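Notes to accompany the following structure.
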Amino acid sequence: MSRSLRQRALDYFHHNPTVRAWSLVAPGGLWLLVFFLVPVFMMFTYSFMPRGMYGGVESGFTLEHYLRFFDSLYLTILMRTTVDATVCTVACLLLGYPVAYAITRAGRFKGLLLFLVILPFWTSFLVRTFAMIFLLRDTGLINTALQSIGLIDEPIVMLYTPFAVMLGLVYGYLPFMILPIYASLEKLDLSLLEAAEVLGARPAARFFRVTLPLSLPGVVAGALLVFIPSLGSFLTSDLLGGAKEILIGNLVQNQFTAARNWPFGSAASFVLMALVLVSVLIYLRVRERSGDAAGAP
Amino acid sequence: MVDADAAPVVEFRRVSKTFGSFRAVRDISFEIRKGEFFSLLGPSGCGKTTTLRLLAGFESPDEDGGEVRLHGDVVNKKRPYERRLAMVFQNYALFPHLTVERNIAFGLEMRGASKSEMPDRVVAAMSMVRLDAKTFGRRLPAQLSGGQRQRVALARALVLEPSILLLDEPLGAIDLKLRKEMQLELKQLNEQLGTTFVYVTHDQEEALTMSDRIAVMDNARVAQLGSPAEIYENPRTRFVAKFIGESNFVEATVSDRTEGGWRAVTAHGEHLIVPDHKTIAAGRAVCIAVRPEWLDIVRPDAVPAGENALTGAVRDVLYMGETLHVLVALPGDRSMTVALRNEGQFLRPIPWRRGDEVAVAWMPVDCQVLEEE
C-alpha cells in the first residue's frame, strides 16, 4: 500500500493551501528578487558612495550626487524630461483615443486593425527609430517628396530637432495608449449609449457624459503606460535629437558609460524613479477625486 | 382611460425593416391610442424588439419601408433624442458611474429642464416608484438589488413626464413574486399618469394581465391584434392559439351546413359541428382550437345532446394544483388535454383513472375556427 511520490506530493499541497500559494509565487518572486531587487538595492547603496577613479565606487558616505541635482543644469534636464513626457502623453491621448474608438466600431475589420496597431512591435524599437531618420532627414522621404511636387525649395530641417524627438516618442508609445483605451471602450455596454440618446443626449453630450467617463480607466492606464517609459527614454533623443537636448534617461546612460560616474548615474536613476512614483501617486489621487465627484466607490 | 376617438399617438403604416438579408419586420401596421397599455408579444426573434427599436428611433424603416408616425408626424429619420420618448431597457442600462439621483436627473439635464426644480422632480419620480430618495439617492447602481435598479430605471423614464413610455421586457430579470408586484404597479402608473405604455414581452401571462391591447407577433409580422380576451378566446391562427395559453387542435373536413354552424368529419370518421366562419365552405379542410378548460370528460354513453365528442382512453392525470390535467389519447396518435377544476382530491376526487374509456366533450360554440397562417 505505498502511495506514489506524486500522489503524496499532491496530498501535501492539497492539505496546505499556504504552501500551495507560495509554490506559485516563488519562481517569479525569486527571479525578481535576484535580478531586480538586489541590483536596485546595490544602485541605491552606490548612489550614496564616493565615485571610484575608473568607474565603480569607493567606500564612504556622501550626499553630493543628490545635491548635484539642484544645479540649474540638471534641474533643466528634469524639467525638460517632465514636460516632454507630458506633451508626449497628451499627444498620444489625442491621437490614440479616436483610433481606439474607431476600432471598437470597425465590425469585422476589428481584428485587422488591432493587428496593425501591434504590428510595429514585430521589429525592434531601435530599428524603427533608425527608420525614422530616413524619413526625416534633409534628403529623406518627406523632404524629397515635398520638393518634387514643388511645395518647398529648401528642405525643412526636421531631424535633430525637438520636433523629431517628440515625433519619435509619440510614434513609439502610441500603441500603449490605444490598446488600454480600446479595451475599456470595448467593454462599454452599448445600451448605455442608447439610454443616453433616448434621454435626449445629442452625440457630443453622449460622448462627454457617458462614453468618456466610462472609458477613463483605460485612459488612465494608457497615460501611465506612455508617461512612465517616455520619462525614462534615452534612445529617441539620442538618435532623432542628435543628443543636443539630453533627457534624464540620457544622463543616466552617459554617467554609467562615457562619464564612468556610477554613483551619480545611480542617483539620477533614483531621481527618475521618484519622478515616476510621484506621477503615479498624482494619477491615483486624481482618479480617486474624479471617482468621488462621480460618486464612484 | 383610453380615448378611442382621439387621434392615435403611435402609428405604424406598412413598416418593414431588413438587416442584410434578414427581414426583421415585414409590412406591419397598427395604431396605438393615447393612454393605452399596448403590448408587443411574441417568441424571441419574432420582430417585437425591432418594432420597439423602430419606435424609439434606434432603427429606421427600410427605404420605401412604410412610415412610423408619432403624434401624427412621420419620424422615420428622426434620431432618438429628437423623439422625446422615454424608455426602460431590458438590462435597465443605468449609468454605472452616476448615482441614482444623477441617473434620474440625466434626462432632465439633457432636455434642459430648469436647474432649480430638478431636485424636486427627482424626488417626486423616486416616490412614484416607491424608492426612498434619502436612502437610495446617493447610491450607485452597483449598490442596488435587481428590483431596486428596475425602479430607478423606471423613475429615470417617468421623471421626463413622457407622453409615451417604451418598456423592453423590463421585468425579465427579476424574480416571480416581485414581478407580479411590479406588473400591478406598472398598470397602476399607466392608469394614474395617462401615459401611453408600449410594452415588449415574451411572457404571454404578463401581456394578458396588463395590456389593453396586444399585438401578437410571429415571424416578423403581426399575427393578431386585439384585447387580451379577444386574443385568448378567439385566436386567429394556430400560432396564436399555441403561443397564448394551451390549446387542443382538431382537424376535419367540412361537409354541409347545419343549424348553428357546419357539419365536419375527421379523418377517423368522427362527426363534429363547427361554428360558422368566413373561411369555411363545403369540402374544405378546417382546423379548430379548443381551450383545455372548455372541455369536459364524460362516459362515452353519456355525451350531452348537441355537444361534440371524441372518444379515447385516459393516458395520464396530472395534478397541477388549481386544476387537474387529464390527457386523453385519441385514435390516430392524437391526444387532447382537458383541464378539470380541482375541487379537492380527498373530498371530491375526479372519477377518471389511467386506461378509462372516456369521451372528451365540448359545446360547438366553444371552439374557434383557425385561419391558415
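Please note that chains go A, B, ... in the order of the C-alpha cells, that every chain numbers its residues from 1, and that ligands are numbered from 1 in the order shown.
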
Assign secondary structure with DSSP using the backbone only, and return the residues of segment 33-229 of chain A in alpha helix (DSSP H) as a VMD selection string.
-> chain A and resid 38 to 46 64 to 67 72 to 104 110 to 118 125 to 136 141 to 148 162 to 187 190 to 198 203 to 206 212 to 229

Kindly provide the residues of chain B that approach chain A to within 9 Å, each paired with its closest atom pair and their distance in Å to one decimal, based on only C-alpha atoms, listed by chain and increasing number, as a tab-separated table.
```
residue	atom	partner	partner_atom	distance
B:Ala56	CA	A:Val198	CA	7.3
B:Gly57	CA	A:Val198	CA	8.3
B:Phe58	CA	A:Glu194	CA	7.5
B:Arg79	CA	A:Glu197	CA	8.2
B:Pro80	CA	A:Val198	CA	5.1
B:Tyr81	CA	A:Gly200	CA	4.1
B:Glu82	CA	A:Gly200	CA	7.0
B:Arg83	CA	A:Val198	CA	7.8
B:Arg84	CA	A:Gly200	CA	7.0
B:Leu85	CA	A:Val198	CA	6.6
B:Ala86	CA	A:Val198	CA	6.3
B:Met87	CA	A:Val198	CA	6.9
B:Val88	CA	A:Ala195	CA	8.3
B:Phe89	CA	A:Ala195	CA	7.6
B:Asn91	CA	A:Ser191	CA	8.3
B:Tyr92	CA	A:Ser191	CA	8.6
B:Ala93	CA	A:Leu192	CA	5.1
B:Leu94	CA	A:Leu192	CA	6.8
B:Phe95	CA	A:Leu192	CA	6.5
B:Pro96	CA	A:Leu214	CA	8.2
B:His97	CA	A:Ala294	CA	6.1
B:Leu98	CA	A:Ala294	CA	5.8
B:Thr99	CA	A:Gly295	CA	6.0
B:Arg102	CA	A:Ala294	CA	9.0
B:Phe106	CA	A:Leu199	CA	7.2
B:Gly107	CA	A:Leu199	CA	4.5
B:Leu108	CA	A:Leu199	CA	7.9
B:Glu109	CA	A:Gly200	CA	8.7
B:Met110	CA	A:Gly200	CA	5.3
B:Arg111	CA	A:Gly200	CA	5.8
B:Arg138	CA	A:Gly295	CA	7.7
B:Arg139	CA	A:Gly295	CA	7.8
B:Leu140	CA	A:Gly295	CA	7.0
B:Arg156	CA	A:Leu199	CA	8.6
B:Ala157	CA	A:Leu199	CA	7.8
B:Leu160	CA	A:Leu199	CA	8.3
```

Have a look at atom CA of Gly55 of chain A and atom CA of Asn254 of chain A and let me know their distance in Å, one decimal.
-> 12.2 Å

DSSP-assigned strand (DSSP E or B) among segment 36-213 of chain A, expressed as a PyMOL selection string | chain A and resi 51+53+55+57

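Comparing A:Met177, A:Val220, A:Ala268, A:Leu225 by their smallest distance to Gly96 of chain A, the closest is A:Met177 (using only C-alpha atoms).
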
So what do you get for atom CA of Leu189 of chain B versus atom CA of Thr209 of chain B, distance-wise?
-> 14.4 Å

So which residues touch Met273 of chain A within 12 Å, counting only C-alpha atoms, skipping near sequence neighbours fewer than 6 positions away, as an MDAnalysis selection string?
-> chainID A and resid 40 44 78 228:229 231:232 248:249 252 266:267 279:280

With all heavy atoms retained, write the just-selected residues as a CSV table (one decimal), in the first residue's frame.
```csv
chain,number,residue,atom,x,y,z
A,40,VAL,N,18.8,46.8,-7.7
A,40,VAL,CA,18.2,48.1,-7.3
A,40,VAL,C,18.8,48.6,-5.9
A,40,VAL,O,19.2,49.7,-5.7
A,40,VAL,CB,16.7,48.1,-7.2
A,40,VAL,CG1,16.1,49.3,-6.4
A,40,VAL,CG2,16.1,48.1,-8.6
A,44,PHE,N,21.1,51.7,-5.1
A,44,PHE,CA,20.7,52.6,-4.1
A,44,PHE,C,21.9,52.9,-3.2
A,44,PHE,O,22.2,54.1,-2.8
A,44,PHE,CB,19.6,52.0,-3.3
A,44,PHE,CG,19.0,53.0,-2.3
A,44,PHE,CD1,18.3,54.1,-2.7
A,44,PHE,CD2,19.0,52.8,-0.9
A,44,PHE,CE1,17.8,55.0,-1.8
A,44,PHE,CE2,18.5,53.6,0.0
A,44,PHE,CZ,17.9,54.8,-0.5
A,78,LEU,N,15.7,67.8,-15.7
A,78,LEU,CA,14.5,67.2,-15.1
A,78,LEU,C,13.2,67.9,-15.6
A,78,LEU,O,12.2,67.2,-16.0
A,78,LEU,CB,14.5,67.5,-13.6
A,78,LEU,CG,15.2,66.4,-12.7
A,78,LEU,CD1,15.2,66.8,-11.3
A,78,LEU,CD2,14.6,65.1,-12.9
A,228,ILE,N,5.3,56.9,-18.2
A,228,ILE,CA,6.4,56.3,-17.5
A,228,ILE,C,7.6,56.0,-18.4
A,228,ILE,O,8.7,56.4,-18.2
A,228,ILE,CB,6.0,55.1,-16.6
A,228,ILE,CG1,5.1,55.6,-15.5
A,228,ILE,CG2,7.2,54.3,-16.1
A,228,ILE,CD1,4.4,54.5,-14.8
A,229,PRO,N,7.4,55.2,-19.5
A,229,PRO,CA,8.5,54.9,-20.3
A,229,PRO,C,9.1,56.2,-21.0
A,229,PRO,O,10.3,56.2,-21.3
A,229,PRO,CB,8.0,53.9,-21.3
A,229,PRO,CG,6.6,53.9,-21.3
A,229,PRO,CD,6.2,54.5,-19.9
A,231,LEU,N,9.3,59.1,-19.8
A,231,LEU,CA,10.2,59.8,-18.8
A,231,LEU,C,11.6,59.2,-18.8
A,231,LEU,O,12.6,59.9,-18.7
A,231,LEU,CB,9.6,59.5,-17.4
A,231,LEU,CG,8.7,60.6,-16.7
A,231,LEU,CD1,8.4,60.2,-15.3
A,231,LEU,CD2,9.3,62.0,-16.8
A,232,GLY,N,11.7,57.9,-19.0
A,232,GLY,CA,13.0,57.2,-18.9
A,232,GLY,C,13.6,57.0,-20.3
A,232,GLY,O,14.7,56.4,-20.4
A,248,ILE,N,16.7,62.9,-18.9
A,248,ILE,CA,17.3,62.3,-17.7
A,248,ILE,C,17.7,60.9,-18.1
A,248,ILE,O,18.7,60.4,-17.5
A,248,ILE,CB,16.3,62.3,-16.5
A,248,ILE,CG1,17.0,61.9,-15.2
A,248,ILE,CG2,15.1,61.4,-16.7
A,248,ILE,CD1,16.4,62.4,-14.0
A,249,GLY,N,17.0,60.2,-19.0
A,249,GLY,CA,17.4,58.9,-19.4
A,249,GLY,C,18.8,58.9,-20.1
A,249,GLY,O,19.6,58.0,-19.8
A,252,VAL,N,21.5,59.3,-17.3
A,252,VAL,CA,21.8,58.0,-16.6
A,252,VAL,C,22.7,57.2,-17.5
A,252,VAL,O,23.8,56.7,-17.0
A,252,VAL,CB,20.5,57.2,-16.3
A,252,VAL,CG1,20.9,55.8,-15.8
A,252,VAL,CG2,19.6,58.0,-15.3
A,266,SER,N,23.6,56.3,-10.6
A,266,SER,CA,22.6,55.7,-9.7
A,266,SER,C,21.7,56.7,-9.1
A,266,SER,O,20.4,56.5,-9.1
A,266,SER,CB,23.3,54.9,-8.6
A,266,SER,OG,24.2,54.0,-9.2
A,267,ALA,N,22.2,57.8,-8.7
A,267,ALA,CA,21.4,58.8,-8.1
A,267,ALA,C,20.4,59.4,-9.1
A,267,ALA,O,19.2,59.5,-8.8
A,267,ALA,CB,22.3,60.0,-7.6
A,279,SER,N,4.4,60.8,-10.1
A,279,SER,CA,3.3,60.9,-11.1
A,279,SER,C,2.3,59.9,-11.0
A,279,SER,O,1.1,60.1,-11.1
A,279,SER,CB,4.0,60.9,-12.5
A,279,SER,OG,4.6,59.7,-12.7
A,280,VAL,N,2.7,58.7,-10.6
A,280,VAL,CA,1.7,57.6,-10.3
A,280,VAL,C,0.8,58.0,-9.2
A,280,VAL,O,-0.5,57.9,-9.3
A,280,VAL,CB,2.4,56.3,-10.0
A,280,VAL,CG1,1.3,55.2,-9.6
A,280,VAL,CG2,3.1,55.7,-11.3
```

From A:Phe13, A:Phe176, A:Phe61, A:Tyr54, residue lying nearest Ser230 of chain A [only C-alpha atoms] | A:Phe176

Do you know which residues are at most 10 Å from segment 275-285 of chain B counting only C-alpha atoms, after dropping those on the same chain fewer than 5 positions away, and could you put them as a ChimeraX atom specification?
-> /B:251-266,363-372

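Residues in contact with Leu284 of chain A at 12 Å, where only C-alpha atoms are counted and same-chain residues fewer than 3 positions away are skipped, are listed as A:Pro217, A:Val220, A:Ala221, A:Ala223, A:Leu224, A:Leu277, A:Val278, A:Ser279, A:Val280, A:Leu281, A:Arg287, A:Glu288, A:Arg289, A:Ser290, A:Gly291.
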
Please produce a file of those selected residues containing C-alpha atoms, as a JSON list (two decimals), in the first residue's frame.
```
[["chain", "number", "residue", "atom", "x", "y", "z"],
["A", 217, "PRO", "CA", -9.85, 53.67, -16.53],
["A", 220, "VAL", "CA", -5.52, 56.45, -17.05],
["A", 221, "ALA", "CA", -3.88, 53.09, -17.78],
["A", 223, "ALA", "CA", -1.48, 57.58, -19.86],
["A", 224, "LEU", "CA", 0.66, 55.74, -17.30],
["A", 277, "LEU", "CA", 6.33, 57.39, -8.29],
["A", 278, "VAL", "CA", 5.15, 60.96, -7.80],
["A", 279, "SER", "CA", 3.34, 60.94, -11.14],
["A", 280, "VAL", "CA", 1.68, 57.61, -10.35],
["A", 281, "LEU", "CA", 0.55, 58.96, -6.99],
["A", 287, "ARG", "CA", -8.70, 59.24, -10.25],
["A", 288, "GLU", "CA", -9.90, 58.95, -6.67],
["A", 289, "ARG", "CA", -11.07, 62.57, -6.76],
["A", 290, "SER", "CA", -12.90, 62.22, -10.07],
["A", 291, "GLY", "CA", -14.32, 58.97, -8.74]]
```

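Non-sequential neighbours of Ala7 of chain B (distance at most 8 Å, separation of 2 or more positions within a chain, only C-alpha atoms) are B:Asp5, B:Val9, B:Arg33, B:Lys34, B:His71, B:Gly72.
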
Restricting it to N, CA and C atoms, dump the selection as a PDB file, in the first residue's frame.
```pdb
ATOM      1  N   ASP B   5     -61.642  57.627 -29.523  1.00  0.00           N
ATOM      2  CA  ASP B   5     -61.879  58.526 -30.651  1.00  0.00           C
ATOM      3  C   ASP B   5     -60.694  59.441 -30.954  1.00  0.00           C
ATOM      4  N   VAL B   9     -51.535  58.064 -31.022  1.00  0.00           N
ATOM      5  CA  VAL B   9     -50.248  58.709 -30.722  1.00  0.00           C
ATOM      6  C   VAL B   9     -49.124  58.016 -31.469  1.00  0.00           C
ATOM      7  N   ARG B  33     -53.410  54.052 -29.215  1.00  0.00           N
ATOM      8  CA  ARG B  33     -54.164  55.232 -28.793  1.00  0.00           C
ATOM      9  C   ARG B  33     -53.591  55.814 -27.517  1.00  0.00           C
ATOM     10  N   LYS B  34     -53.938  57.063 -27.278  1.00  0.00           N
ATOM     11  CA  LYS B  34     -53.413  57.777 -26.112  1.00  0.00           C
ATOM     12  C   LYS B  34     -53.844  57.071 -24.826  1.00  0.00           C
ATOM     13  N   HIS B  71     -47.533  61.093 -32.830  1.00  0.00           N
ATOM     14  CA  HIS B  71     -48.441  62.239 -32.746  1.00  0.00           C
ATOM     15  C   HIS B  71     -48.754  62.784 -34.125  1.00  0.00           C
ATOM     16  N   GLY B  72     -48.855  61.884 -35.099  1.00  0.00           N
ATOM     17  CA  GLY B  72     -49.250  62.305 -36.433  1.00  0.00           C
ATOM     18  C   GLY B  72     -48.109  62.658 -37.374  1.00  0.00           C
TER      19      GLY B  72
END
```

Please, what distance in Å, to one decimal, runs between atom CA of Ala223 of chain B and atom CA of Met210 of chain B?
-> 19.4 Å

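Across B:Gly306, B:Pro331, B:Gly269, B:Gly312, the tightest approach to Arg354 of chain B is made by B:Gly312 when counting only C-alpha atoms.
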
Can you pull out every residue within 8 Å of Arg26 of chain B, counting only C-alpha atoms, but drop anything in the same chain fewer than 3 positions away, and send it as a PyMOL selection string?
-> chain B and resi 14-17+23+220-221

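Proximity to Asn342 of chain B was assessed for B:Pro141, B:Gly194, B:Gly355, B:Gly321 counting only C-alpha atoms; the smallest distance is recorded for B:Gly321.
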
Counting only C-alpha atoms, figure out which residue out of B:Ala361, B:Ile288, B:Tyr319, B:His268 gets nearest to Pro304 of chain B.
-> B:Ala361
